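Visitor: So here's entry_7.cif, just mmCIF, C-alpha atoms:
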```
data_run
#
loop_
_atom_site.label_atom_id
_atom_site.label_comp_id
_atom_site.auth_asym_id
_atom_site.auth_seq_id
_atom_site.Cartn_x
_atom_site.Cartn_y
_atom_site.Cartn_z
CA MET B 1 24.60 169.01 103.65
CA ALA B 2 21.57 166.80 103.11
CA ALA B 3 18.47 167.99 104.89
CA VAL B 4 17.73 164.43 106.06
CA MET B 5 20.23 163.62 108.79
CA SER B 6 22.72 161.05 107.56
CA THR B 7 22.19 158.28 110.11
CA TYR B 8 21.72 155.60 107.45
CA GLY B 9 23.96 154.15 104.77
CA ARG B 10 21.34 154.41 102.04
CA TYR B 11 21.24 152.71 98.67
CA ASP B 12 20.73 154.91 95.63
CA LEU B 13 17.10 153.84 95.23
CA ALA B 14 13.82 155.68 95.73
CA PHE B 15 10.40 154.08 95.50
CA GLU B 16 7.10 155.64 94.58
CA ARG B 17 4.64 152.79 95.02
CA GLY B 18 4.26 149.19 96.09
CA GLU B 19 1.94 146.39 95.07
CA GLY B 20 1.95 142.96 96.70
CA PRO B 21 5.56 141.68 96.80
CA TYR B 22 6.82 144.38 94.41
CA LEU B 23 8.19 147.88 94.82
CA TYR B 24 8.33 150.33 91.91
CA ALA B 25 11.19 152.82 91.80
CA THR B 26 10.91 156.43 90.74
CA ASP B 27 12.90 155.56 87.60
CA GLY B 28 10.31 152.97 86.60
CA ARG B 29 12.19 149.83 87.61
CA ARG B 30 10.32 147.03 89.38
CA PHE B 31 11.88 145.18 92.34
CA LEU B 32 10.87 141.98 94.11
CA ASP B 33 10.85 143.04 97.75
CA PHE B 34 12.33 140.21 99.81
CA GLY B 35 13.33 142.59 102.60
CA THR B 36 9.82 143.90 103.40
CA GLY B 37 11.17 146.97 105.15
CA ILE B 38 13.07 144.61 107.48
CA ALA B 39 10.17 142.23 108.16
CA VAL B 40 7.55 144.99 108.38
CA THR B 41 5.34 144.69 105.29
CA SER B 42 4.66 141.03 105.98
CA LEU B 43 1.48 141.04 103.89
CA GLY B 44 3.16 142.83 101.02
CA HIS B 45 2.46 146.35 99.85
CA CYS B 46 -1.03 147.84 99.77
CA HIS B 47 -2.77 144.62 100.79
CA PRO B 48 -6.42 145.22 99.85
CA HIS B 49 -7.78 144.30 103.29
CA LEU B 50 -5.35 146.64 105.06
CA VAL B 51 -6.06 149.44 102.61
CA LYS B 52 -9.80 149.09 103.16
CA ALA B 53 -9.45 148.99 106.95
CA LEU B 54 -7.20 152.05 107.05
CA GLN B 55 -9.33 154.02 104.60
CA ALA B 56 -12.35 153.41 106.82
CA GLN B 57 -10.43 154.46 109.93
CA VAL B 58 -8.89 157.53 108.26
CA ALA B 59 -12.37 158.77 107.44
CA THR B 60 -13.55 158.20 111.02
CA LEU B 61 -10.96 158.95 113.71
CA TRP B 62 -7.16 159.20 113.43
CA HIS B 63 -6.03 159.70 116.98
CA CYS B 64 -7.42 159.52 120.45
CA SER B 65 -5.40 159.83 123.64
CA ASN B 66 -4.83 156.84 125.85
CA LEU B 67 -6.67 158.86 128.48
CA TYR B 68 -9.77 157.35 126.88
CA THR B 69 -10.90 153.88 125.90
CA ILE B 70 -10.00 153.08 122.28
CA PRO B 71 -12.32 150.28 121.11
CA GLY B 72 -10.02 149.09 118.32
CA GLN B 73 -7.14 148.90 120.78
CA VAL B 74 -9.19 146.84 123.22
CA LYS B 75 -10.15 144.48 120.41
CA LEU B 76 -6.53 144.15 119.30
CA ALA B 77 -5.31 143.46 122.85
CA GLU B 78 -7.97 140.80 123.35
CA ARG B 79 -7.03 139.10 120.08
CA LEU B 80 -3.29 139.13 120.83
CA ALA B 81 -3.96 137.72 124.27
CA ALA B 82 -6.34 135.07 122.95
CA ASN B 83 -3.77 133.90 120.40
CA SER B 84 -0.74 133.90 122.69
CA PHE B 85 0.31 133.02 126.23
CA GLY B 86 -0.54 136.53 127.38
CA ASP B 87 -3.23 138.11 129.50
CA ALA B 88 -2.47 141.80 129.03
CA VAL B 89 -1.00 144.01 126.30
CA PHE B 90 0.64 147.44 126.29
CA PHE B 91 0.92 149.34 122.99
CA CYS B 92 3.66 151.66 121.78
CA ASN B 93 5.08 152.69 118.38
CA SER B 94 8.09 150.48 117.65
CA GLY B 95 10.19 147.50 118.63
CA LEU B 96 12.62 149.71 120.50
CA GLU B 97 9.84 151.16 122.61
CA ALA B 98 8.43 147.69 123.19
CA MET B 99 11.78 146.47 124.51
CA GLU B 100 12.18 149.54 126.72
CA ALA B 101 8.73 148.95 128.16
CA ALA B 102 9.38 145.24 128.62
CA ILE B 103 12.65 145.87 130.47
CA LYS B 104 10.89 148.40 132.70
CA LEU B 105 8.10 145.90 133.35
CA CYS B 106 10.59 143.24 134.43
CA ARG B 107 12.37 145.58 136.81
CA ARG B 108 9.15 146.94 138.23
CA TYR B 109 7.66 143.46 138.63
CA HIS B 110 10.27 142.55 141.23
CA PHE B 111 9.91 145.96 142.88
CA GLN B 112 6.17 145.36 143.19
CA LYS B 113 6.90 142.02 144.83
CA GLY B 114 9.12 143.71 147.39
CA ASP B 115 12.38 142.53 145.81
CA ALA B 116 13.74 145.84 144.52
CA LYS B 117 17.29 144.54 144.37
CA ARG B 118 16.37 142.55 141.24
CA TRP B 119 16.78 145.05 138.42
CA ARG B 120 19.45 143.77 136.04
CA THR B 121 18.80 142.21 132.62
CA LEU B 122 20.79 139.28 131.27
CA THR B 123 21.34 139.17 127.49
CA VAL B 124 23.43 137.09 125.09
CA GLU B 125 26.16 138.04 122.63
CA GLY B 126 24.94 139.05 119.20
CA ALA B 127 21.71 140.50 120.55
CA PHE B 128 20.01 143.51 119.03
CA HIS B 129 17.18 145.09 120.98
CA GLY B 130 17.01 148.60 119.50
CA ARG B 131 18.94 151.86 119.43
CA SER B 132 18.01 153.66 122.64
CA LEU B 133 20.69 154.26 125.26
CA ALA B 134 19.30 151.40 127.35
CA THR B 135 18.89 148.88 124.53
CA ILE B 136 22.34 149.46 123.06
CA ALA B 137 23.68 148.87 126.56
CA ALA B 138 21.64 145.65 126.65
CA ALA B 139 23.06 144.39 123.36
CA LYS B 140 26.63 145.56 124.10
CA ASN B 141 27.58 145.86 120.42
CA PRO B 142 30.76 147.99 120.50
CA LYS B 143 29.88 149.69 117.19
CA HIS B 144 26.53 150.83 118.56
CA LEU B 145 27.97 151.97 121.92
CA GLU B 146 30.91 153.95 120.53
CA GLY B 147 30.78 157.65 121.23
CA PHE B 148 27.75 157.65 123.48
CA GLY B 149 29.57 157.78 126.78
CA LYS B 150 29.33 155.33 129.64
CA PRO B 151 26.75 152.62 128.82
CA VAL B 152 23.58 152.52 130.85
CA ASP B 153 24.05 150.20 133.81
CA GLY B 154 21.86 147.22 134.50
CA PHE B 155 22.80 144.80 131.74
CA ASP B 156 24.98 141.69 131.81
CA GLN B 157 25.85 139.46 128.90
CA VAL B 158 26.93 135.87 128.27
CA PRO B 159 27.93 133.96 125.11
CA PHE B 160 25.10 132.75 122.87
CA GLY B 161 24.23 129.13 123.55
CA ASN B 162 26.30 128.71 126.72
CA LEU B 163 23.83 127.72 129.42
CA ASN B 164 26.52 127.18 132.05
CA ALA B 165 27.73 130.75 131.58
CA LEU B 166 24.15 131.98 131.72
CA ARG B 167 23.44 130.19 134.99
CA ALA B 168 26.69 131.46 136.48
CA ALA B 169 25.85 135.05 135.52
CA ILE B 170 22.54 135.10 137.39
CA THR B 171 22.85 136.96 140.68
CA GLU B 172 20.44 138.18 143.33
CA GLU B 173 20.18 141.37 141.22
CA THR B 174 19.02 139.63 138.01
CA ALA B 175 15.44 140.48 137.08
CA CYS B 176 15.09 138.80 133.70
CA ILE B 177 16.64 137.07 130.72
CA ALA B 178 16.07 138.96 127.46
CA PHE B 179 16.49 136.89 124.32
CA GLU B 180 15.66 136.83 120.59
CA PRO B 181 14.46 133.36 119.48
CA VAL B 182 16.07 134.20 116.12
CA GLN B 183 18.80 136.82 116.12
CA GLY B 184 18.22 138.95 113.03
CA GLU B 185 20.65 141.83 112.99
CA ALA B 186 23.59 139.66 114.02
CA GLY B 187 23.22 137.50 110.93
CA ILE B 188 20.12 135.26 111.35
CA PHE B 189 21.06 132.92 114.19
CA PRO B 190 18.11 130.78 115.32
CA ALA B 191 18.29 129.40 118.85
CA PRO B 192 18.07 125.61 119.15
CA LEU B 193 14.64 124.73 120.51
CA ASP B 194 16.18 122.89 123.48
CA TYR B 195 18.09 126.06 124.34
CA LEU B 196 14.83 128.02 124.42
CA ARG B 197 13.30 125.37 126.66
CA GLU B 198 16.29 125.58 129.00
CA LEU B 199 15.92 129.36 129.23
CA ARG B 200 12.37 128.81 130.45
CA THR B 201 13.56 126.24 132.99
CA ILE B 202 16.35 128.47 134.28
CA ALA B 203 14.07 131.49 134.60
CA ASP B 204 11.66 129.43 136.68
CA GLU B 205 14.47 127.95 138.75
CA PHE B 206 15.85 131.36 139.70
CA GLY B 207 12.50 133.14 140.02
CA ILE B 208 13.24 135.62 137.25
CA LEU B 209 11.26 136.58 134.15
CA LEU B 210 11.82 135.36 130.61
CA LEU B 211 11.51 138.24 128.16
CA LEU B 212 11.48 137.24 124.49
CA ASP B 213 12.23 139.84 121.84
CA GLU B 214 10.01 138.77 118.95
CA VAL B 215 10.10 142.17 117.28
CA GLN B 216 11.42 140.59 114.07
CA SER B 217 10.67 136.87 114.51
CA GLY B 218 7.06 137.36 115.60
CA MET B 219 3.87 137.83 113.57
CA GLY B 220 4.20 134.75 111.41
CA ARG B 221 7.75 135.24 110.21
CA THR B 222 8.84 131.69 111.15
CA GLY B 223 5.64 129.89 110.13
CA LYS B 224 3.91 130.21 113.50
CA LEU B 225 2.45 133.39 114.88
CA PHE B 226 5.38 133.58 117.34
CA ALA B 227 8.76 131.87 116.98
CA HIS B 228 8.85 130.55 120.56
CA GLN B 229 5.81 128.39 119.80
CA TRP B 230 8.09 126.00 117.90
CA ALA B 231 9.74 125.17 121.24
CA GLY B 232 6.47 124.60 123.05
CA ILE B 233 7.30 127.15 125.72
CA THR B 234 5.84 130.47 126.77
CA PRO B 235 7.69 133.54 128.02
CA ASP B 236 6.50 135.88 130.76
CA VAL B 237 6.83 138.92 128.52
CA MET B 238 7.16 139.32 124.75
CA ALA B 239 8.01 142.37 122.64
CA LEU B 240 6.36 142.76 119.24
CA ALA B 241 6.49 145.31 116.39
CA LYS B 242 7.57 145.20 112.70
CA GLY B 243 4.97 142.89 111.10
CA LEU B 244 2.31 143.75 113.67
CA GLY B 245 1.08 146.79 111.74
CA GLY B 246 1.94 145.56 108.25
CA GLY B 247 3.74 148.85 107.59
CA PHE B 248 1.93 151.10 110.05
CA PRO B 249 4.07 151.91 113.11
CA ILE B 250 2.93 149.98 116.17
CA GLY B 251 4.69 147.99 118.87
CA ALA B 252 3.42 146.00 121.80
CA ILE B 253 4.38 144.01 124.83
CA VAL B 254 2.34 140.96 125.74
CA ALA B 255 2.59 139.73 129.32
CA THR B 256 1.11 137.16 131.62
CA GLU B 257 -1.25 138.42 134.31
CA GLU B 258 1.49 137.87 136.89
CA ALA B 259 4.23 139.71 134.96
CA ALA B 260 1.85 142.52 134.00
CA LYS B 261 1.75 143.49 137.66
CA GLY B 262 5.01 145.24 136.87
CA LEU B 263 3.30 148.08 135.06
CA THR B 264 0.66 149.77 137.19
CA PRO B 265 -1.16 153.07 136.47
CA GLY B 266 1.31 155.91 136.08
CA THR B 267 4.45 153.77 135.70
CA HIS B 268 4.59 153.87 131.90
CA GLY B 269 2.79 155.41 128.94
CA SER B 270 2.73 156.35 125.25
CA THR B 271 1.10 159.23 123.42
CA PHE B 272 0.52 157.45 120.14
CA GLY B 273 0.72 153.78 121.12
CA GLY B 274 -2.28 151.79 119.91
CA ASN B 275 -4.15 154.80 118.59
CA PRO B 276 -7.17 154.19 116.32
CA LEU B 277 -5.15 154.16 113.07
CA ALA B 278 -2.46 151.84 114.41
CA SER B 279 -5.01 149.52 115.98
CA ALA B 280 -7.04 149.37 112.76
CA ALA B 281 -3.93 148.39 110.81
CA ALA B 282 -2.89 145.70 113.29
CA ASN B 283 -6.40 144.29 113.53
CA ALA B 284 -6.47 144.02 109.74
CA VAL B 285 -3.13 142.20 109.80
CA LEU B 286 -4.51 139.75 112.35
CA ASP B 287 -7.64 139.24 110.22
CA VAL B 288 -5.39 137.82 107.52
CA MET B 289 -2.83 136.00 109.66
CA LEU B 290 -5.49 134.25 111.76
CA GLU B 291 -7.35 132.88 108.75
CA ASP B 292 -7.52 129.10 108.74
CA GLY B 293 -4.51 127.68 106.96
CA PHE B 294 -2.56 130.93 106.61
CA MET B 295 0.31 129.94 108.91
CA ASP B 296 0.38 126.40 107.53
CA GLY B 297 0.76 127.99 104.10
CA VAL B 298 3.67 130.13 105.27
CA ASP B 299 5.38 127.09 106.74
CA ARG B 300 4.83 125.05 103.58
CA LYS B 301 6.15 127.80 101.31
CA ALA B 302 9.15 128.36 103.57
CA ARG B 303 10.13 124.71 103.59
CA LYS B 304 10.07 124.51 99.78
CA PHE B 305 11.98 127.76 99.39
CA TRP B 306 14.61 126.57 101.85
CA ASN B 307 15.08 123.34 99.90
CA ASP B 308 15.30 125.15 96.57
CA LEU B 309 17.58 127.86 97.93
CA LYS B 310 19.99 125.29 99.35
CA GLN B 311 20.23 123.58 95.98
CA VAL B 312 20.80 126.82 94.08
CA THR B 313 23.35 128.33 96.46
CA GLY B 314 25.15 124.98 96.70
CA ARG B 315 26.11 125.31 93.03
CA TYR B 316 28.27 128.35 93.74
CA PRO B 317 30.42 127.71 96.83
CA ASN B 318 32.72 130.57 95.83
CA VAL B 319 29.81 133.01 96.33
CA TYR B 320 27.44 131.41 98.85
CA GLU B 321 28.57 129.49 101.94
CA SER B 322 25.45 128.29 103.79
CA ILE B 323 21.78 128.93 104.59
CA ARG B 324 20.38 129.43 108.10
CA GLY B 325 17.33 130.83 109.84
CA ALA B 326 13.74 129.79 110.45
CA GLY B 327 10.68 129.92 108.23
CA LEU B 328 10.78 132.99 106.01
CA MET B 329 13.55 134.58 108.08
CA ILE B 330 16.50 133.36 106.08
CA GLY B 331 20.18 134.26 106.02
CA ILE B 332 22.56 133.43 103.20
CA LYS B 333 26.04 133.35 104.66
CA CYS B 334 28.26 134.50 101.80
CA LYS B 335 31.79 133.66 100.78
CA ALA B 336 31.88 136.72 98.56
CA PRO B 337 31.43 140.13 100.23
CA ALA B 338 27.74 140.30 101.16
CA GLY B 339 27.53 143.96 100.21
CA GLU B 340 28.67 143.16 96.68
CA VAL B 341 26.22 140.25 96.45
CA ILE B 342 23.41 142.60 97.49
CA GLY B 343 24.51 145.05 94.81
CA LYS B 344 24.21 142.28 92.20
CA PHE B 345 20.78 141.33 93.54
CA HIS B 346 19.65 144.95 93.27
CA ALA B 347 20.85 145.15 89.70
CA ALA B 348 18.77 142.05 88.92
CA GLY B 349 15.65 143.47 90.59
CA LEU B 350 15.72 141.68 93.96
CA LEU B 351 15.77 143.48 97.34
CA PRO B 352 17.22 141.60 100.33
CA VAL B 353 18.51 143.14 103.60
CA PRO B 354 22.09 143.08 104.89
CA ALA B 355 22.91 141.53 108.26
CA GLY B 356 25.99 140.87 110.35
CA ASP B 357 28.48 138.03 109.79
CA ASN B 358 28.59 138.66 106.01
CA VAL B 359 24.98 137.54 105.63
CA VAL B 360 22.34 138.50 103.07
CA ARG B 361 18.94 138.44 104.76
CA PHE B 362 15.76 137.30 102.99
CA LEU B 363 12.52 138.38 104.70
CA PRO B 364 9.96 137.84 101.92
CA PRO B 365 6.33 138.83 102.34
CA LEU B 366 4.27 136.05 103.86
CA ILE B 367 1.83 136.35 100.94
CA ALA B 368 4.51 135.57 98.34
CA GLU B 369 3.50 132.87 95.88
CA GLU B 370 5.46 130.14 94.13
CA SER B 371 6.15 132.38 91.15
CA HIS B 372 7.75 135.03 93.38
CA PHE B 373 10.03 132.51 95.08
CA ALA B 374 10.97 131.13 91.65
CA GLU B 375 11.80 134.67 90.51
CA ALA B 376 14.08 135.18 93.53
CA LEU B 377 15.78 131.83 92.96
CA GLU B 378 16.52 132.77 89.37
CA VAL B 379 18.27 135.92 90.57
CA VAL B 380 20.28 133.99 93.18
CA ASP B 381 21.21 131.49 90.50
CA SER B 382 22.18 134.08 87.89
CA VAL B 383 24.27 136.09 90.33
CA GLY B 384 26.13 132.95 91.37
CA ARG B 385 26.57 131.81 87.79
CA ASN B 386 27.88 135.14 86.56
CA TRP B 387 29.90 136.11 89.64
CA GLY B 388 33.10 137.76 88.57
CA SER B 389 31.90 138.35 85.04
CA GLY B 390 30.46 141.76 85.87
CA GLY B 391 26.87 140.77 85.15
CA ALA B 392 24.01 139.23 87.12
#
```
Produce structure tokens that represent the structure in this file.
Guide:
Amino acid sequence: MAAVMSTYGRYDLAFERGEGPYLYATDGRRFLDFGTGIAVTSLGHCHPHLVKALQAQVATLWHCSNLYTIPGQVKLAERLAANSFGDAVFFCNSGLEAMEAAIKLCRRYHFQKGDAKRWRTLTVEGAFHGRSLATIAAAKNPKHLEGFGKPVDGFDQVPFGNLNALRAAITEETACIAFEPVQGEAGIFPAPLDYLRELRTIADEFGILLLLDEVQSGMGRTGKLFAHQWAGITPDVMALAKGLGGGFPIGAIVATEEAAKGLTPGTHGSTFGGNPLASAAANAVLDVMLEDGFMDGVDRKARKFWNDLKQVTGRYPNVYESIRGAGLMIGIKCKAPAGEVIGKFHAAGLLPVPAGDNVVRFLPPLIAEESHFAEALEVVDSVGRNWGSGGA
């Protein structure tokens, strides 16, 4: 029996170092990393600014309890608030923890207002909010629920995109709507911007909170710092993680001053959340992402890659069916089995990520240059061209 518990279906690959958009395997092979640890290493591997920031923090102070003020954490919270709709930030270690905290905040917000009967969360089909008992109950994916007993109560679900069903499902017990602006795990399904705007309208109409799960779509992935900004709306609460630390584990919830009333002293906490190392990493990420022109550059590169990718995949309709997503969060819906396509990509030195609905997910680093996108396109082209011949 393997010493590492077998909770993952792993590929037969092991890496020993990373540099920019590339990973280097223990057998010497080089791979173009267009999965970025599932949207985590958004600035590539060993970005010089992140390395320098972490080296300085490692030599100074690794950890300090949240019983004390952590200056780097305060700075990070102020920067996230200043560059979002939010007024207050809570830090944790992951997207799962961020969603747990956000759901708790929404429930507690209504309790604080004297409306304790509002405690249920409304989600949509295809959602993925993490792997805790509560978040698998929120997403209601049968594969994730199987074998774990009766799902945690407090979650209702409606079909994706059906606003009439969503309105009808809101009861006097509904506390919030939880929604991913771009569903990642399900197969890269971006919400129409009008749908996002309607979610905001409905939340206001019923006096409930809008909780956006931007764990994957946030931190520049779609060409803006947060995906909901494309719709010109703001949520009441937002969950962040993945790209926030550029590879260092950190999660956060950002909330308006009003919604933040839901978490008062003693109602929630985290041992490691926002500790000096995590805060140093995330501040370094923001240093880069907030540079003038950085997001415009991401958007520009994404638009060109989309155009080129559509042309290349269109040549091989027996292998690739369609392209969907937003910015550099791209799904190739395959005609051929996606797992086999990924195997061909691996053999040719390209690392994507699998997703639901027979989709191959591209989440390239935001620092990728034209040459890297051209390299990926060549692999997509060669795999399509040689499909069925046994070679890439």
Visitor: Grab the CA of Gly18 (chain B) to CA of His45 (chain B) distance for me, in Å with one decimal place.
Guide: 5.0 Å
Visitor: Interatomic distance between CA of Asn141 (chain B) and CA of Gly126 (chain B)?
Guide: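 Atom-to-atom, CA of Asn141 (chain B) to CA of Gly126 (chain B), that is 7.4 Å.
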Visitor: Check which residues satisfy the PyMOL selection byres ((chain B and resi 253-264) around 6) in the file shown, then give them as a PyMOL selection string.
Guide: chain B and resi 86-90+98+105+108-109+236-239+252+265+267
Visitor: Once the PyMOL selection byres ((chain B and resi 47) around 12) is applied to the coordinates I shared, what remains selected? I want it as a PyMOL selection string.
Guide: chain B and resi 18-22+41-46+48-54+245-247+281+284-285+287-288+365-368
Visitor: Using Å and a single decimal, report how far CA of His144 (chain B) sits from CA of Asp213 (chain B).
Guide: 18.3 Å
Visitor: Quick one: which residues end up in the PyMOL selection byres ((chain B and resi 225) around 10) for this structure, as a short mmCIF file (atom, residue, chain, number, x, y, z; two decimals) with C-alpha atoms, in the frame of the given file?
Guide:
```cif
data_model
loop_
_atom_site.label_atom_id
_atom_site.label_comp_id
_atom_site.auth_asym_id
_atom_site.auth_seq_id
_atom_site.Cartn_x
_atom_site.Cartn_y
_atom_site.Cartn_z
CA ASN B 83 -3.77 133.90 120.40
CA SER B 84 -0.74 133.90 122.69
CA SER B 217 10.67 136.87 114.51
CA GLY B 218 7.06 137.36 115.60
CA MET B 219 3.87 137.83 113.57
CA GLY B 220 4.20 134.75 111.41
CA ARG B 221 7.75 135.24 110.21
CA THR B 222 8.84 131.69 111.15
CA GLY B 223 5.64 129.89 110.13
CA LYS B 224 3.91 130.21 113.50
CA PHE B 226 5.38 133.58 117.34
CA ALA B 227 8.76 131.87 116.98
CA HIS B 228 8.85 130.55 120.56
CA GLN B 229 5.81 128.39 119.80
CA TRP B 230 8.09 126.00 117.90
CA LEU B 286 -4.51 139.75 112.35
CA MET B 289 -2.83 136.00 109.66
CA LEU B 290 -5.49 134.25 111.76
CA PHE B 294 -2.56 130.93 106.61
CA MET B 295 0.31 129.94 108.91
#
```
